[in-house]
Amino acid sequence: MFDRLRDLGTVRSWWGLSVPVAARVLTAAQLRGLVETELASGFGRRVRDLPVEPDLEYLLFPHTPELSPVPSWKCVAVVLPAGGVLVPGSGRKIRYGHLDVSVEELRRLPRASRRRRDELLHWLAYEAAWRRR
């Protein structure tokens, strides 16, 4: 069941699991539809901590497979300003949430661009260094 994601490329997670390498990107409207679908499927037990606003976009990073009620991925959702450049010190904060996404839904979501993913990596490094002060 999770083997079908191998054609998308995998990377080792923190726990040593093979997870899809590409982050997925969602708009607020796509997230709202996904949340409704997942709640109807029996997922979404942690989805309440995600703000759904039109000026935000969401990057999904799968981290743990789950088999029940249907094959799915537990994902970390990183909430970012939609399409905007992440500028350190701009007052824009990155927020996080959790979302269960079925394997089929995850396959259908568009991949985040390499530029957006790399931008997030630099922003996270900045945030980590800033918080150490």
# chains A, B, ... in the order shown; residues from 1 in each chain; ligands from 1
$ residues_around --residues "Glu38 (chain A)" --least-positions-apart "6" --cutoff "9 Å" --atoms "only C-alpha atoms" --output "MDAnalysis selection string"
chainID A and resid 44 99:102
$ residues_around --residues "Leu80 (chain A)" --least-positions-apart "5" --cutoff "7 Å" --atoms "only C-alpha atoms" --output "tab-separated table (two decimals) with C-alpha atoms, in the first residue's frame"
chain	number	residue	atom	x	y	z
A	56	LEU	CA	-1.74	31.33	3.95
A	57	GLU	CA	-0.33	28.29	2.19
A	58	TYR	CA	0.53	24.93	3.67
A	94	ILE	CA	5.81	30.10	10.73
$ residues_around --residues "region 16-18 of chain A" --least-positions-apart "6" --cutoff "9 Å" --atoms "only C-alpha atoms" --output "list in words"
Arg6, Thr10, His63, Thr64 and Pro65 of chain A
$ write_last_selection --atoms "N, CA, C and O atoms" --output "tab-separated table (two decimals), in the first residue's frame"
chain	number	residue	atom	x	y	z
A	6	ARG	N	6.83	4.85	-3.64
A	6	ARG	CA	8.26	4.73	-3.94
A	6	ARG	C	8.60	5.38	-5.27
A	6	ARG	O	9.70	5.90	-5.43
A	10	THR	N	11.95	8.57	-2.16
A	10	THR	CA	11.82	8.55	-0.71
A	10	THR	C	13.10	9.05	-0.06
A	10	THR	O	14.16	9.10	-0.69
A	63	HIS	N	5.54	12.00	7.71
A	63	HIS	CA	6.60	11.47	8.58
A	63	HIS	C	6.35	10.07	9.09
A	63	HIS	O	7.29	9.36	9.40
A	64	THR	N	5.10	9.63	9.19
A	64	THR	CA	4.83	8.29	9.72
A	64	THR	C	3.64	7.68	8.99
A	64	THR	O	2.59	8.31	8.90
A	65	PRO	N	3.79	6.45	8.48
A	65	PRO	CA	2.65	5.78	7.85
A	65	PRO	C	1.68	5.27	8.92
A	65	PRO	O	2.07	4.99	10.04
$ closest_residue --among "A:Val25, A:Val70, A:Val19, A:Leu60" --to "Phe43 (chain A)" --atoms "only C-alpha atoms"
A:Val70
$ select_by_dssp --residues "chain A" --states "helix (DSSP H, G or I)" --output "PyMOL selection string"
chain A and resi 2-8+28-40+47-49+103-108+114-131
$ residues_around --residues "Ser113 (chain A)" --least-positions-apart "6" --cutoff "9 Å" --atoms "only C-alpha atoms" --output "VMD selection string"
chain A and resid 22 to 25
$ write_last_selection --atoms "N, CA, C and O atoms" --output "mmCIF file, in the first residue's frame"
data_model
loop_
_atom_site.group_PDB
_atom_site.id
_atom_site.type_symbol
_atom_site.label_atom_id
_atom_site.label_comp_id
_atom_site.auth_asym_id
_atom_site.auth_seq_id
_atom_site.Cartn_x
_atom_site.Cartn_y
_atom_site.Cartn_z
ATOM 1 N N ALA A 22 9.225 14.540 -1.588
ATOM 2 C CA ALA A 22 8.694 15.843 -1.985
ATOM 3 C C ALA A 22 7.653 16.346 -0.992
ATOM 4 O O ALA A 22 6.711 15.633 -0.660
ATOM 5 N N ALA A 23 7.848 17.571 -0.537
ATOM 6 C CA ALA A 23 6.820 18.225 0.272
ATOM 7 C C ALA A 23 5.649 18.544 -0.650
ATOM 8 O O ALA A 23 5.824 18.756 -1.846
ATOM 9 N N ARG A 24 4.470 18.548 -0.116
ATOM 10 C CA ARG A 24 3.273 18.893 -0.885
ATOM 11 C C ARG A 24 2.812 20.289 -0.478
ATOM 12 O O ARG A 24 2.989 20.698 0.668
ATOM 13 N N VAL A 25 2.199 20.996 -1.398
ATOM 14 C CA VAL A 25 1.747 22.355 -1.119
ATOM 15 C C VAL A 25 0.237 22.436 -1.306
ATOM 16 O O VAL A 25 -0.325 21.813 -2.197
#
$ select_by_dssp --residues "region 28-125 of chain A" --states "strand (DSSP E)" --output "PyMOL selection string"
chain A and resi 56-66+72-81+95-102
$ write_last_selection --atoms "N, CA and C atoms" --output "PDB file, in the first residue's frame"
ATOM      1  N   LEU A  56      -2.737  32.296   3.501  1.00  0.00           N
ATOM      2  CA  LEU A  56      -1.739  31.328   3.948  1.00  0.00           C
ATOM      3  C   LEU A  56      -1.630  30.185   2.948  1.00  0.00           C
ATOM      4  N   GLU A  57      -0.477  29.534   2.931  1.00  0.00           N
ATOM      5  CA  GLU A  57      -0.326  28.287   2.190  1.00  0.00           C
ATOM      6  C   GLU A  57       0.291  27.270   3.137  1.00  0.00           C
ATOM      7  N   TYR A  58       0.185  26.013   2.762  1.00  0.00           N
ATOM      8  CA  TYR A  58       0.533  24.927   3.666  1.00  0.00           C
ATOM      9  C   TYR A  58       1.451  23.943   2.957  1.00  0.00           C
ATOM     10  N   LEU A  59       2.579  23.641   3.568  1.00  0.00           N
ATOM     11  CA  LEU A  59       3.470  22.609   3.064  1.00  0.00           C
ATOM     12  C   LEU A  59       3.294  21.382   3.950  1.00  0.00           C
ATOM     13  N   LEU A  60       3.072  20.233   3.337  1.00  0.00           N
ATOM     14  CA  LEU A  60       2.890  18.985   4.080  1.00  0.00           C
ATOM     15  C   LEU A  60       4.142  18.133   3.967  1.00  0.00           C
ATOM     16  N   PHE A  61       4.610  17.647   5.108  1.00  0.00           N
ATOM     17  CA  PHE A  61       5.764  16.766   5.170  1.00  0.00           C
ATOM     18  C   PHE A  61       5.335  15.465   5.844  1.00  0.00           C
ATOM     19  N   PRO A  62       5.142  14.382   5.080  1.00  0.00           N
ATOM     20  CA  PRO A  62       4.758  13.096   5.679  1.00  0.00           C
ATOM     21  C   PRO A  62       5.897  12.567   6.552  1.00  0.00           C
ATOM     22  N   HIS A  63       5.544  11.996   7.712  1.00  0.00           N
ATOM     23  CA  HIS A  63       6.599  11.474   8.575  1.00  0.00           C
ATOM     24  C   HIS A  63       6.351  10.066   9.086  1.00  0.00           C
ATOM     25  N   THR A  64       5.103   9.630   9.192  1.00  0.00           N
ATOM     26  CA  THR A  64       4.832   8.294   9.721  1.00  0.00           C
ATOM     27  C   THR A  64       3.644   7.678   8.986  1.00  0.00           C
ATOM     28  N   PRO A  65       3.794   6.447   8.482  1.00  0.00           N
ATOM     29  CA  PRO A  65       2.650   5.782   7.852  1.00  0.00           C
ATOM     30  C   PRO A  65       1.677   5.271   8.916  1.00  0.00           C
ATOM     31  N   GLU A  66       0.419   5.201   8.533  1.00  0.00           N
ATOM     32  CA  GLU A  66      -0.616   4.688   9.418  1.00  0.00           C
ATOM     33  C   GLU A  66      -1.530   3.790   8.596  1.00  0.00           C
ATOM     34  N   SER A  72      -2.655   5.761   5.307  1.00  0.00           N
ATOM     35  CA  SER A  72      -2.488   7.213   5.320  1.00  0.00           C
ATOM     36  C   SER A  72      -1.112   7.578   5.842  1.00  0.00           C
ATOM     37  N   TRP A  73      -0.831   8.852   5.797  1.00  0.00           N
ATOM     38  CA  TRP A  73       0.398   9.408   6.347  1.00  0.00           C
ATOM     39  C   TRP A  73       0.050  10.425   7.410  1.00  0.00           C
ATOM     40  N   LYS A  74       0.767  10.372   8.508  1.00  0.00           N
ATOM     41  CA  LYS A  74       0.728  11.459   9.479  1.00  0.00           C
ATOM     42  C   LYS A  74       1.686  12.500   8.929  1.00  0.00           C
ATOM     43  N   CYS A  75       1.209  13.731   8.817  1.00  0.00           N
ATOM     44  CA  CYS A  75       2.013  14.796   8.212  1.00  0.00           C
ATOM     45  C   CYS A  75       2.162  15.969   9.172  1.00  0.00           C
ATOM     46  N   VAL A  76       3.281  16.639   9.062  1.00  0.00           N
ATOM     47  CA  VAL A  76       3.449  17.935   9.700  1.00  0.00           C
ATOM     48  C   VAL A  76       3.088  18.958   8.637  1.00  0.00           C
ATOM     49  N   ALA A  77       2.211  19.876   8.988  1.00  0.00           N
ATOM     50  CA  ALA A  77       1.831  20.953   8.085  1.00  0.00           C
ATOM     51  C   ALA A  77       2.523  22.223   8.559  1.00  0.00           C
ATOM     52  N   VAL A  78       3.267  22.829   7.658  1.00  0.00           N
ATOM     53  CA  VAL A  78       3.938  24.087   7.963  1.00  0.00           C
ATOM     54  C   VAL A  78       3.117  25.179   7.307  1.00  0.00           C
ATOM     55  N   VAL A  79       2.685  26.139   8.101  1.00  0.00           N
ATOM     56  CA  VAL A  79       1.805  27.210   7.643  1.00  0.00           C
ATOM     57  C   VAL A  79       2.658  28.434   7.341  1.00  0.00           C
ATOM     58  N   LEU A  80       2.576  28.916   6.081  1.00  0.00           N
ATOM     59  CA  LEU A  80       3.395  30.033   5.607  1.00  0.00           C
ATOM     60  C   LEU A  80       2.544  31.109   4.968  1.00  0.00           C
ATOM     61  N   PRO A  81       3.077  32.325   4.840  1.00  0.00           N
ATOM     62  CA  PRO A  81       2.377  33.343   4.051  1.00  0.00           C
ATOM     63  C   PRO A  81       2.269  32.860   2.601  1.00  0.00           C
ATOM     64  N   ARG A  95       3.940  28.780  11.489  1.00  0.00           N
ATOM     65  CA  ARG A  95       3.189  27.967  12.447  1.00  0.00           C
ATOM     66  C   ARG A  95       3.150  26.533  11.942  1.00  0.00           C
ATOM     67  N   TYR A  96       2.875  25.617  12.856  1.00  0.00           N
ATOM     68  CA  TYR A  96       2.881  24.193  12.542  1.00  0.00           C
ATOM     69  C   TYR A  96       1.577  23.563  12.992  1.00  0.00           C
ATOM     70  N   GLY A  97       1.228  22.475  12.348  1.00  0.00           N
ATOM     71  CA  GLY A  97       0.076  21.691  12.752  1.00  0.00           C
ATOM     72  C   GLY A  97       0.279  20.263  12.301  1.00  0.00           C
ATOM     73  N   HIS A  98      -0.683  19.429  12.592  1.00  0.00           N
ATOM     74  CA  HIS A  98      -0.615  18.015  12.219  1.00  0.00           C
ATOM     75  C   HIS A  98      -1.870  17.643  11.454  1.00  0.00           C
ATOM     76  N   LEU A  99      -1.702  16.770  10.485  1.00  0.00           N
ATOM     77  CA  LEU A  99      -2.812  16.365   9.640  1.00  0.00           C
ATOM     78  C   LEU A  99      -2.567  14.947   9.154  1.00  0.00           C
ATOM     79  N   ASP A 100      -3.600  14.120   9.204  1.00  0.00           N
ATOM     80  CA  ASP A 100      -3.545  12.781   8.625  1.00  0.00           C
ATOM     81  C   ASP A 100      -4.078  12.881   7.199  1.00  0.00           C
ATOM     82  N   VAL A 101      -3.315  12.347   6.247  1.00  0.00           N
ATOM     83  CA  VAL A 101      -3.700  12.428   4.835  1.00  0.00           C
ATOM     84  C   VAL A 101      -3.632  11.029   4.233  1.00  0.00           C
ATOM     85  N   SER A 102      -4.711  10.623   3.567  1.00  0.00           N
ATOM     86  CA  SER A 102      -4.714   9.297   2.946  1.00  0.00           C
ATOM     87  C   SER A 102      -3.654   9.242   1.848  1.00  0.00           C
TER      88      SER A 102
END
$ closest_residue --among "A:Leu26, A:Gly33, A:Ala112, A:Pro71" --to "Asp55 (chain A)" --atoms "only C-alpha atoms"
A:Leu26
$ closest_residue --among "A:Glu105, A:Trp14, A:Val21, A:Ala82" --to "Glu53 (chain A)" --atoms "only C-alpha atoms"
A:Ala82
$ atom_distance --atom1 "CA of Gln30 (chain A)" --atom2 "CA of Val103 (chain A)"
16.0 Å
$ decode --residues "region 26-38 of chain A" --atoms "all heavy atoms" --output "PDB file, in the first residue's frame"
ATOM      1  N   LEU A  26      -0.407  23.178  -0.414  1.00  0.00           N
ATOM      2  CA  LEU A  26      -1.863  23.351  -0.440  1.00  0.00           C
ATOM      3  C   LEU A  26      -2.216  24.816  -0.248  1.00  0.00           C
ATOM      4  O   LEU A  26      -1.550  25.526   0.511  1.00  0.00           O
ATOM      5  CB  LEU A  26      -2.514  22.605   0.730  1.00  0.00           C
ATOM      6  CG  LEU A  26      -2.420  21.121   0.789  1.00  0.00           C
ATOM      7  CD1 LEU A  26      -2.287  20.668   2.217  1.00  0.00           C
ATOM      8  CD2 LEU A  26      -3.668  20.557   0.190  1.00  0.00           C
ATOM      9  N   THR A  27      -3.290  25.229  -0.876  1.00  0.00           N
ATOM     10  CA  THR A  27      -3.874  26.529  -0.572  1.00  0.00           C
ATOM     11  C   THR A  27      -4.864  26.328   0.576  1.00  0.00           C
ATOM     12  O   THR A  27      -5.180  25.198   0.952  1.00  0.00           O
ATOM     13  CB  THR A  27      -4.631  27.089  -1.789  1.00  0.00           C
ATOM     14  OG1 THR A  27      -5.722  26.211  -2.079  1.00  0.00           O
ATOM     15  CG2 THR A  27      -3.715  27.225  -3.002  1.00  0.00           C
ATOM     16  N   ALA A  28      -5.386  27.425   1.104  1.00  0.00           N
ATOM     17  CA  ALA A  28      -6.374  27.328   2.181  1.00  0.00           C
ATOM     18  C   ALA A  28      -7.622  26.576   1.704  1.00  0.00           C
ATOM     19  O   ALA A  28      -8.169  25.751   2.440  1.00  0.00           O
ATOM     20  CB  ALA A  28      -6.748  28.721   2.684  1.00  0.00           C
ATOM     21  N   ALA A  29      -8.065  26.840   0.473  1.00  0.00           N
ATOM     22  CA  ALA A  29      -9.251  26.156  -0.054  1.00  0.00           C
ATOM     23  C   ALA A  29      -9.003  24.649  -0.186  1.00  0.00           C
ATOM     24  O   ALA A  29      -9.868  23.838   0.145  1.00  0.00           O
ATOM     25  CB  ALA A  29      -9.652  26.751  -1.402  1.00  0.00           C
ATOM     26  N   GLN A  30      -7.820  24.274  -0.666  1.00  0.00           N
ATOM     27  CA  GLN A  30      -7.490  22.851  -0.784  1.00  0.00           C
ATOM     28  C   GLN A  30      -7.418  22.205   0.593  1.00  0.00           C
ATOM     29  O   GLN A  30      -7.894  21.085   0.774  1.00  0.00           O
ATOM     30  CB  GLN A  30      -6.157  22.672  -1.503  1.00  0.00           C
ATOM     31  CG  GLN A  30      -6.207  22.988  -2.970  1.00  0.00           C
ATOM     32  CD  GLN A  30      -4.826  23.016  -3.593  1.00  0.00           C
ATOM     33  OE1 GLN A  30      -3.888  23.570  -3.028  1.00  0.00           O
ATOM     34  NE2 GLN A  30      -4.716  22.419  -4.769  1.00  0.00           N
ATOM     35  N   LEU A  31      -6.850  22.911   1.554  1.00  0.00           N
ATOM     36  CA  LEU A  31      -6.765  22.369   2.908  1.00  0.00           C
ATOM     37  C   LEU A  31      -8.156  22.169   3.496  1.00  0.00           C
ATOM     38  O   LEU A  31      -8.443  21.137   4.090  1.00  0.00           O
ATOM     39  CB  LEU A  31      -5.939  23.282   3.816  1.00  0.00           C
ATOM     40  CG  LEU A  31      -5.864  22.808   5.271  1.00  0.00           C
ATOM     41  CD1 LEU A  31      -5.057  21.525   5.378  1.00  0.00           C
ATOM     42  CD2 LEU A  31      -5.277  23.883   6.149  1.00  0.00           C
ATOM     43  N   ARG A  32      -9.023  23.140   3.311  1.00  0.00           N
ATOM     44  CA  ARG A  32     -10.393  23.037   3.833  1.00  0.00           C
ATOM     45  C   ARG A  32     -11.086  21.801   3.258  1.00  0.00           C
ATOM     46  O   ARG A  32     -11.711  21.030   3.986  1.00  0.00           O
ATOM     47  CB  ARG A  32     -11.174  24.306   3.499  1.00  0.00           C
ATOM     48  CG  ARG A  32     -12.473  24.444   4.253  1.00  0.00           C
ATOM     49  CD  ARG A  32     -13.129  25.803   4.021  1.00  0.00           C
ATOM     50  NE  ARG A  32     -12.363  26.871   4.655  1.00  0.00           N
ATOM     51  CZ  ARG A  32     -11.705  27.844   4.006  1.00  0.00           C
ATOM     52  NH1 ARG A  32     -11.729  27.893   2.697  1.00  0.00           N
ATOM     53  NH2 ARG A  32     -11.049  28.768   4.655  1.00  0.00           N
ATOM     54  N   GLY A  33     -10.957  21.573   1.946  1.00  0.00           N
ATOM     55  CA  GLY A  33     -11.554  20.396   1.320  1.00  0.00           C
ATOM     56  C   GLY A  33     -10.932  19.108   1.826  1.00  0.00           C
ATOM     57  O   GLY A  33     -11.623  18.130   2.085  1.00  0.00           O
ATOM     58  N   LEU A  34      -9.620  19.119   1.997  1.00  0.00           N
ATOM     59  CA  LEU A  34      -8.920  17.937   2.496  1.00  0.00           C
ATOM     60  C   LEU A  34      -9.329  17.621   3.925  1.00  0.00           C
ATOM     61  O   LEU A  34      -9.557  16.467   4.273  1.00  0.00           O
ATOM     62  CB  LEU A  34      -7.412  18.161   2.416  1.00  0.00           C
ATOM     63  CG  LEU A  34      -6.522  16.988   2.785  1.00  0.00           C
ATOM     64  CD1 LEU A  34      -6.768  15.807   1.852  1.00  0.00           C
ATOM     65  CD2 LEU A  34      -5.065  17.407   2.729  1.00  0.00           C
ATOM     66  N   VAL A  35      -9.462  18.637   4.749  1.00  0.00           N
ATOM     67  CA  VAL A  35      -9.875  18.440   6.143  1.00  0.00           C
ATOM     68  C   VAL A  35     -11.271  17.831   6.197  1.00  0.00           C
ATOM     69  O   VAL A  35     -11.515  16.891   6.945  1.00  0.00           O
ATOM     70  CB  VAL A  35      -9.813  19.766   6.928  1.00  0.00           C
ATOM     71  CG1 VAL A  35     -10.524  19.651   8.261  1.00  0.00           C
ATOM     72  CG2 VAL A  35      -8.368  20.187   7.129  1.00  0.00           C
ATOM     73  N   GLU A  36     -12.193  18.341   5.374  1.00  0.00           N
ATOM     74  CA  GLU A  36     -13.548  17.788   5.347  1.00  0.00           C
ATOM     75  C   GLU A  36     -13.537  16.321   4.922  1.00  0.00           C
ATOM     76  O   GLU A  36     -14.212  15.484   5.522  1.00  0.00           O
ATOM     77  CB  GLU A  36     -14.422  18.609   4.401  1.00  0.00           C
ATOM     78  CG  GLU A  36     -14.747  19.989   4.926  1.00  0.00           C
ATOM     79  CD  GLU A  36     -15.447  20.863   3.904  1.00  0.00           C
ATOM     80  OE1 GLU A  36     -15.831  20.364   2.818  1.00  0.00           O
ATOM     81  OE2 GLU A  36     -15.607  22.062   4.195  1.00  0.00           O
ATOM     82  N   THR A  37     -12.752  16.000   3.896  1.00  0.00           N
ATOM     83  CA  THR A  37     -12.643  14.615   3.429  1.00  0.00           C
ATOM     84  C   THR A  37     -12.059  13.728   4.508  1.00  0.00           C
ATOM     85  O   THR A  37     -12.560  12.631   4.774  1.00  0.00           O
ATOM     86  CB  THR A  37     -11.751  14.543   2.168  1.00  0.00           C
ATOM     87  OG1 THR A  37     -12.333  15.341   1.154  1.00  0.00           O
ATOM     88  CG2 THR A  37     -11.589  13.119   1.690  1.00  0.00           C
ATOM     89  N   GLU A  38     -11.000  14.192   5.144  1.00  0.00           N
ATOM     90  CA  GLU A  38     -10.322  13.377   6.142  1.00  0.00           C
ATOM     91  C   GLU A  38     -11.160  13.206   7.406  1.00  0.00           C
ATOM     92  O   GLU A  38     -11.157  12.141   8.006  1.00  0.00           O
ATOM     93  CB  GLU A  38      -8.944  13.962   6.472  1.00  0.00           C
ATOM     94  CG  GLU A  38      -8.010  14.066   5.283  1.00  0.00           C
ATOM     95  CD  GLU A  38      -7.886  12.797   4.473  1.00  0.00           C
ATOM     96  OE1 GLU A  38      -7.852  11.684   5.039  1.00  0.00           O
ATOM     97  OE2 GLU A  38      -7.827  12.892   3.237  1.00  0.00           O
TER      98      GLU A  38
END
